[in-house]
Each structure stands twice: as C-alpha cells, then as structure tokens.
file coords25.txt (compact mmCIF, C-alpha atoms)
# COMPACT_ATOMS: atom_id res chain seq x y z
CA MET A 30 -85.75 74.23 76.81
CA LEU A 31 -86.15 73.36 73.15
CA ARG A 32 -85.79 77.03 72.21
CA ALA A 33 -82.62 77.28 74.26
CA GLN A 34 -81.28 74.10 72.70
CA ARG A 35 -81.93 75.58 69.28
CA GLY A 36 -79.64 78.47 70.21
CA ASP A 37 -82.04 81.04 71.70
CA ALA A 38 -79.87 82.83 74.30
CA HIS A 39 -82.84 84.59 75.88
CA ALA A 40 -84.56 81.26 76.43
CA TYR A 41 -81.37 80.00 78.08
CA GLU A 42 -81.29 83.05 80.35
CA ASP A 43 -84.85 82.37 81.42
CA LEU A 44 -83.98 78.76 82.15
CA VAL A 45 -80.92 79.33 84.31
CA ARG A 46 -81.79 82.61 86.04
CA PRO A 47 -83.77 80.88 88.84
CA HIS A 48 -80.76 78.65 89.57
CA GLN A 49 -78.04 81.31 89.68
CA GLU A 50 -78.13 81.83 93.43
CA ILE A 51 -77.95 78.16 94.33
CA ALA A 52 -75.24 77.67 91.68
CA PHE A 53 -73.14 80.46 93.18
CA ARG A 54 -73.50 79.01 96.68
CA VAL A 55 -72.58 75.53 95.50
CA ALA A 56 -69.45 77.03 93.97
CA TYR A 57 -68.76 79.04 97.13
CA VAL A 58 -68.75 75.94 99.32
CA ILE A 59 -65.96 74.54 97.14
CA ALA A 60 -64.06 77.69 96.22
CA ARG A 61 -64.34 79.17 99.72
CA ASN A 62 -64.13 82.75 98.52
CA PRO A 63 -66.70 84.85 96.67
CA ALA A 64 -64.40 85.97 93.83
CA ASP A 65 -63.44 82.44 92.79
CA ALA A 66 -67.04 81.28 93.23
CA GLU A 67 -68.20 84.08 90.95
CA ASP A 68 -65.65 83.22 88.28
CA ALA A 69 -66.45 79.52 88.50
CA THR A 70 -70.19 80.12 88.24
CA GLN A 71 -69.87 82.53 85.34
CA ASP A 72 -67.64 80.17 83.38
CA ALA A 73 -69.86 77.21 84.20
CA LEU A 74 -72.91 79.04 82.87
CA VAL A 75 -71.09 79.55 79.58
CA LYS A 76 -69.99 75.91 79.48
CA ALA A 77 -73.54 74.79 80.21
CA TRP A 78 -74.79 76.92 77.34
CA ARG A 79 -72.31 75.32 75.00
CA ALA A 80 -73.17 71.84 76.25
CA LEU A 81 -76.93 72.39 76.21
CA GLY A 82 -77.31 70.46 72.97
CA ARG A 83 -76.33 67.29 74.84
CA PHE A 84 -78.79 67.86 77.71
CA ARG A 85 -81.83 65.58 77.72
CA PRO A 86 -84.92 67.79 78.06
CA ASP A 87 -86.82 65.16 80.05
CA GLU A 88 -84.29 65.41 82.90
CA PRO A 89 -84.26 68.09 85.61
CA LEU A 90 -82.01 71.01 84.74
CA ARG A 91 -80.80 71.94 88.21
CA PRO A 92 -78.70 68.83 89.04
CA TRP A 93 -77.12 68.98 85.57
CA LEU A 94 -76.26 72.64 86.03
CA LEU A 95 -74.95 72.16 89.57
CA ARG A 96 -72.69 69.36 88.38
CA ILE A 97 -71.08 71.69 85.83
CA VAL A 98 -70.75 74.52 88.37
CA ALA A 99 -69.21 72.27 91.03
CA ASN A 100 -66.76 70.77 88.54
CA GLU A 101 -65.67 74.22 87.44
CA ALA A 102 -65.21 75.36 91.05
CA ARG A 103 -63.25 72.22 91.85
CA ASN A 104 -60.97 72.69 88.85
CA ARG A 105 -60.31 76.28 89.86
CA ARG A 106 -59.52 75.36 93.44
CA ARG A 107 -57.17 72.65 92.21
CA SER A 108 -55.29 74.94 89.83
CA ALA A 109 -55.14 77.78 92.37
CA GLY A 110 -53.66 75.40 94.93
CA ARG A 111 -55.16 77.44 97.73
CA ARG A 112 -56.93 76.24 100.83
CA GLU A 113 -58.97 78.93 102.44
CA ARG A 114 -61.44 78.83 105.25
CA LEU A 115 -65.07 78.81 104.27
CA VAL A 116 -65.92 81.79 106.50
CA LEU A 117 -69.63 81.16 106.77
CA ARG A 118 -71.33 83.27 109.37
CA ALA A 119 -74.55 82.49 111.14
CA ALA A 120 -77.28 84.95 110.33
CA ALA A 121 -79.40 86.54 113.03
CA SER A 122 -82.14 84.23 114.27
CA SER A 123 -85.50 84.72 112.64
CA GLY A 124 -87.58 83.03 115.35
CA GLU A 125 -91.02 84.48 116.01
CA ALA A 126 -90.78 84.81 119.79
CA ALA A 127 -88.37 87.50 120.94
CA PRO A 128 -85.57 85.71 122.85
CA SER A 129 -83.85 87.24 125.84
CA PRO A 130 -80.46 88.91 125.21
CA GLU A 131 -78.74 86.05 127.10
CA ASP A 132 -80.50 83.42 124.99
CA THR A 133 -79.66 85.30 121.81
CA ALA A 134 -75.98 85.52 122.71
CA LEU A 135 -75.88 81.84 123.64
CA ASP A 136 -77.72 80.82 120.49
CA ARG A 137 -75.37 82.89 118.33
CA ALA A 138 -72.34 81.36 120.00
CA GLU A 139 -73.68 77.84 119.46
CA ARG A 140 -74.40 78.47 115.80
CA ALA A 141 -70.95 79.97 115.30
CA GLU A 142 -69.43 76.93 117.01
CA LEU A 143 -71.37 74.57 114.76
CA LEU A 144 -70.18 76.41 111.65
CA ARG A 145 -66.61 76.36 112.95
CA ALA A 146 -66.81 72.60 113.45
CA LEU A 147 -68.29 72.23 109.96
CA ASP A 148 -65.52 74.28 108.42
CA GLU A 149 -62.85 72.13 110.05
CA LEU A 150 -64.15 68.95 108.45
CA PRO A 151 -62.32 67.44 105.47
CA ASP A 152 -63.57 68.75 102.11
CA ALA A 153 -65.72 65.73 101.25
CA ALA A 154 -67.52 65.77 104.60
CA ARG A 155 -67.93 69.53 104.71
CA GLU A 156 -69.31 69.70 101.18
CA VAL A 157 -71.88 66.95 101.60
CA LEU A 158 -73.22 68.47 104.83
CA ALA A 159 -73.26 72.00 103.42
CA TYR A 160 -75.18 70.85 100.36
CA ARG A 161 -77.65 68.66 102.21
CA TYR A 162 -78.37 70.85 105.23
CA LEU A 163 -77.27 74.42 104.56
CA LEU A 164 -78.36 74.58 100.93
CA ASP A 165 -81.11 72.00 101.30
CA LEU A 166 -80.16 70.18 98.09
CA SER A 167 -81.83 66.85 97.47
CA GLU A 168 -79.72 63.70 97.53
CA GLU A 169 -79.85 63.61 93.73
CA GLU A 170 -78.68 67.22 93.45
CA THR A 171 -75.96 66.64 96.02
CA ALA A 172 -74.83 63.57 94.11
CA ALA A 173 -74.62 65.64 90.93
CA ALA A 174 -72.67 68.43 92.60
CA LEU A 175 -70.26 65.95 94.18
CA ASP A 176 -70.15 63.82 91.05
CA VAL A 177 -70.87 60.65 93.01
CA ALA A 178 -73.71 58.13 93.25
CA VAL A 179 -76.73 58.79 95.46
CA GLY A 180 -75.71 55.85 97.65
CA THR A 181 -72.36 57.52 98.22
CA VAL A 182 -74.15 60.70 99.32
CA LYS A 183 -76.06 58.69 101.94
CA SER A 184 -72.98 56.97 103.35
CA ARG A 185 -70.84 60.09 103.15
CA THR A 186 -73.52 62.12 104.97
CA SER A 187 -73.70 59.56 107.75
CA ARG A 188 -69.93 59.52 108.23
CA ALA A 189 -69.73 63.31 108.01
CA LEU A 190 -72.36 63.71 110.73
CA ASP A 191 -70.36 61.37 112.97
CA ARG A 192 -67.24 63.43 112.40
CA LEU A 193 -69.10 66.65 113.02
CA LYS A 194 -70.38 65.32 116.35
CA GLU A 195 -66.80 64.65 117.40
CA GLY A 196 -65.75 68.18 116.53
CA TYR A 197 -68.83 69.89 117.86
CA GLY A 198 -68.48 68.80 121.47
CA PRO A 199 -70.59 66.98 124.05
CA ARG A 200 -73.90 68.77 123.41
CA ALA A 201 -74.38 67.29 119.94
CA MET B 20 -82.45 69.19 118.86
CA ASP B 21 -80.34 66.61 117.03
CA LEU B 22 -77.43 67.59 114.87
CA GLU B 23 -79.23 67.21 111.55
CA ARG B 24 -82.08 69.45 112.66
CA GLU B 25 -79.60 71.91 114.10
CA LEU B 26 -77.74 72.07 110.80
CA SER B 27 -80.93 72.49 108.82
CA ALA B 28 -82.09 75.27 111.13
CA LEU B 29 -78.86 77.25 110.69
CA GLN B 30 -79.43 80.55 108.95
CA VAL B 31 -76.20 81.26 107.12
CA GLU B 32 -75.05 84.63 105.84
CA TRP B 33 -74.07 83.70 102.30
CA PRO B 34 -72.12 86.24 100.26
CA ALA B 35 -74.34 88.25 97.96
CA THR B 36 -74.98 86.47 94.68
CA PRO B 37 -73.43 88.54 91.89
CA GLY B 38 -75.30 89.33 88.72
CA PHE B 39 -74.21 86.87 86.06
CA ALA B 40 -74.19 88.02 82.49
CA LEU B 41 -75.71 85.63 80.05
CA GLN B 42 -74.86 87.61 76.94
CA LEU B 43 -73.33 84.51 75.48
CA GLY B 44 -71.20 84.73 72.43
CA ARG B 45 -71.55 81.39 70.81
CA ARG B 46 -72.24 77.72 71.18
CA ARG B 47 -69.72 75.77 69.23
CA ARG B 48 -70.20 73.70 66.13
CA ARG B 49 -73.97 73.67 65.90
CA TRP B 50 -74.79 77.26 65.00
CA PRO B 51 -71.95 78.87 63.08
CA LEU B 52 -74.19 81.19 61.07
CA ALA B 53 -76.35 82.22 64.01
CA VAL B 54 -73.20 82.82 66.00
CA ALA B 55 -71.74 85.06 63.35
CA ILE B 56 -74.93 87.08 63.24
CA ALA B 57 -75.13 87.32 67.03
CA LEU B 58 -71.50 88.35 67.24
CA ALA B 59 -71.95 91.04 64.64
CA ALA B 60 -74.95 92.42 66.54
CA ILE B 61 -73.07 92.45 69.80
CA ALA B 62 -70.04 93.99 68.12
CA ILE B 63 -72.18 96.88 66.96
CA ALA B 64 -73.52 97.32 70.47
CA PHE B 65 -69.95 97.33 71.83
CA ALA B 66 -69.09 100.20 69.54
CA VAL B 67 -71.82 102.40 71.02
CA PRO B 68 -70.43 103.90 74.25
CA GLN B 69 -73.75 104.63 75.96
CA SER B 70 -74.90 101.04 75.57
CA ARG B 71 -71.73 99.62 77.05
CA ALA B 72 -72.83 99.49 80.68
CA SER B 73 -75.97 97.56 79.92
CA ILE B 74 -74.56 95.17 77.35
CA LEU B 75 -70.85 94.76 77.82
CA HIS B 76 -70.54 92.65 80.87
CA PHE B 77 -69.24 89.33 79.70
CA PHE B 78 -68.06 87.86 76.47
CA ALA B 79 -66.26 84.75 75.37
CA ILE B 80 -64.13 84.01 72.36
CA GLY B 81 -62.93 80.44 72.40
CA ARG B 82 -60.89 79.92 75.54
CA VAL B 83 -60.71 83.59 76.42
CA HIS B 84 -63.43 85.07 78.56
CA VAL B 85 -63.73 88.83 78.88
CA ARG B 86 -65.50 90.36 81.84
CA VAL B 87 -66.18 93.98 82.66
CA VAL B 88 -65.92 94.82 86.35
CA ASP B 89 -66.28 97.97 88.40
CA THR B 90 -62.88 97.66 90.06
CA LEU B 91 -59.87 95.83 88.70
CA PRO B 92 -58.25 93.27 91.00
CA PRO B 93 -54.58 93.82 91.91
CA ALA B 94 -52.15 92.67 89.23
CA GLN B 95 -48.45 92.91 88.45
CA GLN B 96 -46.75 94.61 85.54
CA ARG B 97 -44.59 91.91 83.94
CA PRO B 98 -42.60 91.60 80.70
CA LEU B 99 -44.50 90.04 77.78
CA SER B 100 -42.22 87.00 77.78
CA ALA B 101 -42.55 86.24 81.52
CA GLY B 102 -44.25 83.04 82.60
CA LEU B 103 -45.14 81.76 79.15
CA GLY B 104 -43.94 78.23 79.78
CA LYS B 105 -41.03 76.19 78.50
CA ARG B 106 -38.85 77.65 75.74
CA VAL B 107 -39.05 75.34 72.72
CA SER B 108 -37.56 75.14 69.24
CA LEU B 109 -39.66 75.59 66.12
CA GLU B 110 -39.51 71.84 65.51
CA GLU B 111 -40.70 71.07 69.04
CA ALA B 112 -43.49 73.59 68.68
CA ARG B 113 -44.62 72.05 65.40
CA ALA B 114 -44.65 68.60 66.97
CA ASP B 115 -46.89 69.67 69.87
CA VAL B 116 -49.06 72.22 68.10
CA PRO B 117 -49.78 71.20 64.52
CA GLY B 118 -50.69 74.00 62.15
CA ILE B 119 -49.12 76.82 64.14
CA LEU B 120 -49.29 80.34 62.77
CA LEU B 121 -46.06 82.31 62.45
CA PRO B 122 -45.55 86.03 61.84
CA ALA B 123 -44.18 87.15 58.51
CA THR B 124 -40.88 88.22 60.05
CA ALA B 125 -37.43 87.20 58.92
CA ALA B 126 -36.33 86.00 62.34
CA VAL B 127 -37.85 82.97 64.01
CA PRO B 128 -39.74 84.25 67.07
CA ALA B 129 -39.00 83.08 70.59
CA LEU B 130 -41.39 80.17 71.21
CA TYR B 131 -42.81 79.00 74.53
CA LEU B 132 -45.09 76.07 75.25
CA ALA B 133 -47.39 75.71 78.27
CA HIS B 134 -49.90 73.01 79.29
CA GLY B 135 -49.14 71.11 76.07
CA ASN B 136 -51.50 73.19 73.96
CA VAL B 137 -50.74 76.86 74.53
CA LEU B 138 -48.02 78.15 72.25
CA SER B 139 -46.70 81.69 72.77
CA LEU B 140 -44.53 83.56 70.30
CA VAL B 141 -42.63 86.73 71.19
CA PHE B 142 -41.41 88.74 68.22
CA VAL B 143 -40.53 92.29 67.28
CA HIS B 144 -42.68 94.35 64.95
CA GLU B 145 -41.44 97.79 63.98
CA GLY B 146 -39.27 97.95 67.07
CA GLU B 147 -41.99 96.91 69.52
CA PRO B 148 -42.25 93.51 71.20
CA LEU B 149 -45.46 91.64 70.49
CA LEU B 150 -46.87 88.48 72.04
CA LEU B 151 -48.93 86.06 69.99
CA SER B 152 -50.57 83.22 71.92
CA GLU B 153 -52.22 80.27 70.21
CA LEU B 154 -54.60 78.37 72.49
CA VAL B 155 -55.45 75.11 70.81
CA GLY B 156 -58.76 73.31 71.36
CA GLY B 157 -60.42 73.15 74.78
CA GLY B 158 -58.79 73.28 78.17
CA GLY B 159 -58.33 75.97 80.77
CA VAL B 160 -59.99 79.30 80.38
CA TYR B 161 -58.01 82.52 80.08
CA LEU B 162 -59.82 85.34 81.76
CA LYS B 163 -59.60 89.06 81.18
CA LYS B 164 -61.07 91.62 83.51
CA LEU B 165 -61.64 95.11 82.18
CA ALA B 166 -62.50 98.20 84.13
CA ALA B 167 -65.76 99.59 82.82
CA GLY B 168 -65.24 102.86 81.00
CA SER B 169 -61.44 102.83 80.86
CA THR B 170 -60.70 99.94 78.50
CA GLY B 171 -62.41 100.02 75.14
CA ILE B 172 -63.73 96.89 73.48
CA VAL B 173 -65.06 96.56 69.95
CA GLY B 174 -66.00 93.66 67.76
CA VAL B 175 -63.77 93.14 64.72
CA ARG B 176 -63.19 90.57 62.01
CA VAL B 177 -59.87 88.93 61.27
CA GLY B 178 -60.36 87.60 57.78
CA ASP B 179 -63.60 85.66 58.16
CA ALA B 180 -63.15 85.07 61.86
CA PRO B 181 -64.96 87.04 64.58
CA GLY B 182 -62.74 88.85 67.03
CA LEU B 183 -62.50 91.48 69.74
CA TRP B 184 -60.18 94.46 70.05
CA LEU B 185 -59.35 95.60 73.60
CA SER B 186 -57.49 98.88 73.98
CA GLY B 187 -56.98 101.85 76.27
CA SER B 188 -56.16 101.35 79.92
CA PRO B 189 -54.42 98.08 80.79
CA HIS B 190 -56.69 95.23 81.76
CA VAL B 191 -55.98 92.31 84.07
CA PHE B 192 -55.12 89.02 82.44
CA PHE B 193 -55.49 85.71 84.30
CA THR B 194 -53.78 82.58 83.06
CA PRO B 195 -54.04 79.16 84.72
CA GLN B 196 -51.59 78.69 87.59
CA ARG B 197 -50.11 82.19 87.30
CA SER B 198 -50.74 85.36 89.24
CA PRO B 199 -52.65 87.96 87.20
CA ARG B 200 -50.74 90.56 85.22
CA LEU B 201 -51.59 93.84 83.55
CA ALA B 202 -51.99 93.52 79.79
CA GLY B 203 -51.87 96.12 77.04
CA ASN B 204 -53.85 96.35 73.81
CA VAL B 205 -55.04 92.95 72.64
CA LEU B 206 -56.66 91.45 69.57
CA LEU B 207 -58.58 88.21 70.15
CA TRP B 208 -59.99 85.95 67.50
CA GLU B 209 -60.85 82.32 66.97
CA SER B 210 -60.33 80.18 63.93
CA ASP B 211 -60.30 76.41 63.37
CA SER B 212 -60.83 75.60 67.07
CA THR B 213 -57.82 77.68 68.06
CA THR B 214 -58.09 80.91 70.01
CA TYR B 215 -55.51 83.55 69.08
CA ARG B 216 -54.39 86.46 71.22
CA LEU B 217 -52.08 89.19 69.94
CA GLU B 218 -50.81 91.70 72.51
CA GLY B 219 -48.64 94.79 72.26
CA ARG B 220 -48.53 97.85 74.45
CA LYS B 221 -48.44 100.30 71.53
CA LEU B 222 -50.32 98.15 69.05
CA GLY B 223 -53.11 99.82 67.06
CA LYS B 224 -56.29 98.11 65.89
CA SER B 225 -55.67 98.24 62.13
CA GLU B 226 -52.05 97.26 62.64
CA ALA B 227 -53.05 94.32 64.84
CA ILE B 228 -55.60 93.06 62.33
CA ALA B 229 -53.08 93.43 59.49
CA ILE B 230 -50.49 91.42 61.44
CA ALA B 231 -53.10 88.79 62.29
CA GLU B 232 -54.17 88.45 58.69
CA SER B 233 -50.54 88.19 57.57
CA LEU B 234 -49.79 85.18 59.80
CA ARG B 235 -48.81 82.08 57.89
CA ARG B 236 -48.95 78.37 58.70
CA GLY B 237 -45.53 77.41 60.00
call {"tool": "encode", "arguments": {"input": "coords25.txt", "output": "structure tokens"}}
result
Amino acid sequence: MLRAQRGDAHAYEDLVRPHQEIAFRVAYVIARNPADAEDATQDALVKAWRALGRFRPDEPLRPWLLRIVANEARNRRRSAGRRERLVLRAAASSGEAAPSPEDTALDRAERAELLRALDELPDAAREVLAYRYLLDLSEEETAAALDVAVGTVKSRTSRALDRLKEGYGPRA
Amino acid sequence: MDLERELSALQVEWPATPGFALQLGRRRRRWPLAVAIALAAIAIAFAVPQSRASILHFFAIGRVHVRVVDTLPPAQQRPLSAGLGKRVSLEEARADVPGILLPATAAVPALYLAHGNVLSLVFVHEGEPLLLSELVGGGGVYLKKLAAGSTGIVGVRVGDAPGLWLSGSPHVFFTPQRSPRLAGNVLLWESDSTTYRLEGRKLGKSEAIAIAESLRRG
C-alpha cells in the first residue's frame, strides 16, 4: 500500500486486481448493463488511484474501492437517464446429487422467479439485497457501496426482504 | 428454505468481468516529475506499433479518458458545432471560465458553454473548421473509444505539457448527457488543471501542436 501511495503503479495494480471482479459486479447492479458497468469500473479505478494518497492504510481497501465504484456507476446512471432491467440469470445448479429433470426444471423456474421479483424491487431495495446475498458483501462493504450507515443497511435489508416476499408469492 | 437462504443460494450468471487496464497516466498534484517521466515512457511505447496491443489499452489526460477497444460502439457523424452547449459571448465566457485560451485568429470564434466549466470554441484555420474544447478543473469525464489498429495514438508535448495525438480512422467520442459521435484527428493536453482538446478532420500533428502553442490567454 505504501508503495502504491508513493506513486508505484505496479503496486497499485497488485492491490486492486483481486477486487476487480467484485467491483465490476457492484457497478453492474447499479448500471444494469455490462458496458456502463465496465466504463464505471474503469473510471473508478483511475479515480481511486488519484485519490490513493488520502486513503488510510490501516483501513480495509475493498469497502473504500467499492464506494468509489458504486458512486461512479450511480453518477453514470443518473446522467444517462436510463432505466434498464438488471437481466440477471440464474446459473445451472451445482448441487452434488443429480436432480431429476422435473426437479431441475422446477428449481430453475423458481430461481428465475426469485430473480424477477428481485429485479422489480425499487433501486434501494434491489441493491441492498443484491449486495448482501448475491455478492455476499459484508454489512460494512454494503454500507460503503450504498454510501449509507451500517444501521441503514440493516433496516433497509429487513424492509427489502419484506417487499421481496410480497413480490415473490406465497411460497416465500 | 427461508428467503434469505434462498437468495444466498442463488447461483447467478454474472456478465464476464472485462480486463481493466491499470496503465495509469498520472496522479495529480503529488508527483508531477514522476508523472512526466511515466508519460514520456508510455509515449515512447505508444509510438512502437508492435507494442500497442499489450500497452495501449487505457490512458487518461485530465478529464479525457482514452480507451482502445476491439469494436467501436455505434456513433453518429455530427457537425463539430453540434451539441456544444449554450452559445455565449466572449464576455460571458470570460466570466464563467477565467483564463480562457483563444486562437490567434482575427475573428472571435463561436463560443459555447456547457455544464458551467466546459468552453468550446469553433473557428476556421486555413479554410477548415476546428473545435477547441477547454475542460476546466474536475467534473464529468469525457471518454474516447478507439478501434485497435485503425486509430493511431502517440504521446506528444505541447510546450511543457504532456499530450496525446489521435489520428487516422475516426474514433467515438462520449460527452456527458449526449449520444456518442464520431470524431476526427484530436490533440489532447493538460495544463494548469484544464484539459484541452483540439479537433479537426484534416488536422495534422505538427499543425495541431503549432496551433495549440499559439493559443493566447483571452
């Protein structure tokens, strides 16, 4: 970190490379399309480099980086004025036991339905659930990405789950 | 399974994470000398065609980011003066953008102001329209996307300032709140916290640098 803060670009690359995937996905949840998420992440990585001198080395890097990425994605979405669907698809199940074709089809339909319900939530609810459960961010990281307090993440998550239950149907 | 566990168990097909280039041009204020050295090194690398694919992926000069892509996104061909913002007088421009640079032409150029800190000047040089944009301070990023192999990019110096020269096939230019357009040859440089962009379809490198170095405080 100190080398990066002294201006060593290679040291900066080494620092942020492990976080690029999660940064891109955080941006994608907000931007809702891969091209805008890519632009937001790329620009955020440059901004983070320029702001690195103000970063406190005793703090974790990932929440700080995700905050910058999410802000950049949010600014882009605001200026673009677009509202697109998130278009997340459920991946094939990776369970160990081989399910029957009927079970697989049912499971796939349920997962698709859950993602549809998630996508139809308001932005604040959708983002907090995507970060906490789909990306497995900690509450602190989610708070950084949403630019809110940790307490707000807790209350927003609870309300978002209630709303998701309403949209997901009687089985939830 | 409750809803939280069901959400956590979801395997989502995320879009593939692109490769992000971290060939970073500069970090402001703190390392001016190191930046100049790094820029010069990268500029040399830009000038070597066979090293382009591995090195030239992303670069930033002030508020303009340059990115090399495999395929250009769709963009419109538009006149240089289209969508530059509100037409303003020289006095209005001076009031909003202190220390503006003006070309050494007899006629006052057409002036346009956008977002309060982006001044654009359209003027004629040897019969050809040119666009000079002055992007003051921070704010929104202006993005250029270049097709690898068809648009050339070399590092240059404008006076003491580091710059980039983009020429060859048109590239795609993104400005905040506007649809992308195709852009011609462009000289980019940064000086005194202002990013400058000089564009002309038939503009040559030496000519562009000469015009840039002849600009005067207005």
call {"tool": "closest_residue", "arguments": {"input": "coords25.txt", "among": "A:Gln34, A:Gln71, A:Ser167, A:Ser184", "to": "chain B", "atoms": "all atoms listed in the file"}}
result
A:Gln71
call {"tool": "closest_residue", "arguments": {"input": "coords25.txt", "among": "B:Pro195, B:Pro181, B:Gly237, B:Gly223", "to": "Arg105 (chain A)", "atoms": "only C-alpha atoms"}}
result
B:Pro195
call {"tool": "atom_distance", "arguments": {"input": "coords25.txt", "atom1": "CA of Trp33 (chain B)", "atom2": "CA of Arg54 (chain A)"}}
result
7.3 Å
call {"tool": "atom_distance", "arguments": {"input": "coords25.txt", "atom1": "CA of His39 (chain A)", "atom2": "CA of Ile97 (chain A)"}}
result
20.1 Å
call {"tool": "closest_residue", "arguments": {"input": "coords25.txt", "among": "A:Thr171, A:Asp191, A:Tyr197, A:Arg140", "to": "Trp93 (chain A)", "atoms": "only C-alpha atoms"}}
result
A:Thr171
call {"tool": "atom_distance", "arguments": {"input": "coords25.txt", "atom1": "CA of Leu234 (chain B)", "atom2": "CA of Leu165 (chain B)"}}
result
27.2 Å
call {"tool": "closest_residue", "arguments": {"input": "coords25.txt", "among": "B:Ser108, B:Ala28, B:Leu22, B:Arg200", "to": "Leu164 (chain A)", "atoms": "all atoms listed in the file"}}
result
B:Ala28
call {"tool": "residues_near_point", "arguments": {"input": "coords25.txt", "point": "(-65.1, 97.7, 86.5)", "cutoff": "9 Å", "atoms": "all atoms listed in the file", "output": "PyMOL selection string"}}
result
chain B and resi 86-91+164-169
call {"tool": "closest_residue", "arguments": {"input": "coords25.txt", "among": "B:Val205, B:Leu162, B:Leu183, B:Leu140", "to": "chain A", "atoms": "only C-alpha atoms"}}
result
B:Leu162
call {"tool": "closest_residue", "arguments": {"input": "coords25.txt", "among": "A:Glu168, A:Glu50, A:Asp65, A:Glu142", "to": "chain B", "atoms": "all atoms listed in the file"}}
result
A:Glu50
call {"tool": "residues_around", "arguments": {"input": "coords25.txt", "residues": "Tyr161 (chain B)", "least_positions_apart": "6", "cutoff": "10 Å", "atoms": "all atoms listed in the file", "output": "list in words"}}
result
Ala79, Ile80, Gly81, Arg82, Val83, His84, Val85, Leu154, Phe192, Phe193, Thr194 and Pro195 of chain B
call {"tool": "residues_around", "arguments": {"input": "coords25.txt", "residues": "Ala129 (chain B)", "least_positions_apart": "5", "cutoff": "12 Å", "atoms": "only C-alpha atoms", "output": "JSON, numbers by chain"}}
result
{"B": [99, 100, 101, 103, 104, 105, 106, 107, 108, 109, 112, 121, 122, 124, 138, 139, 140, 141, 142, 143, 148, 149, 150, 151, 152]}
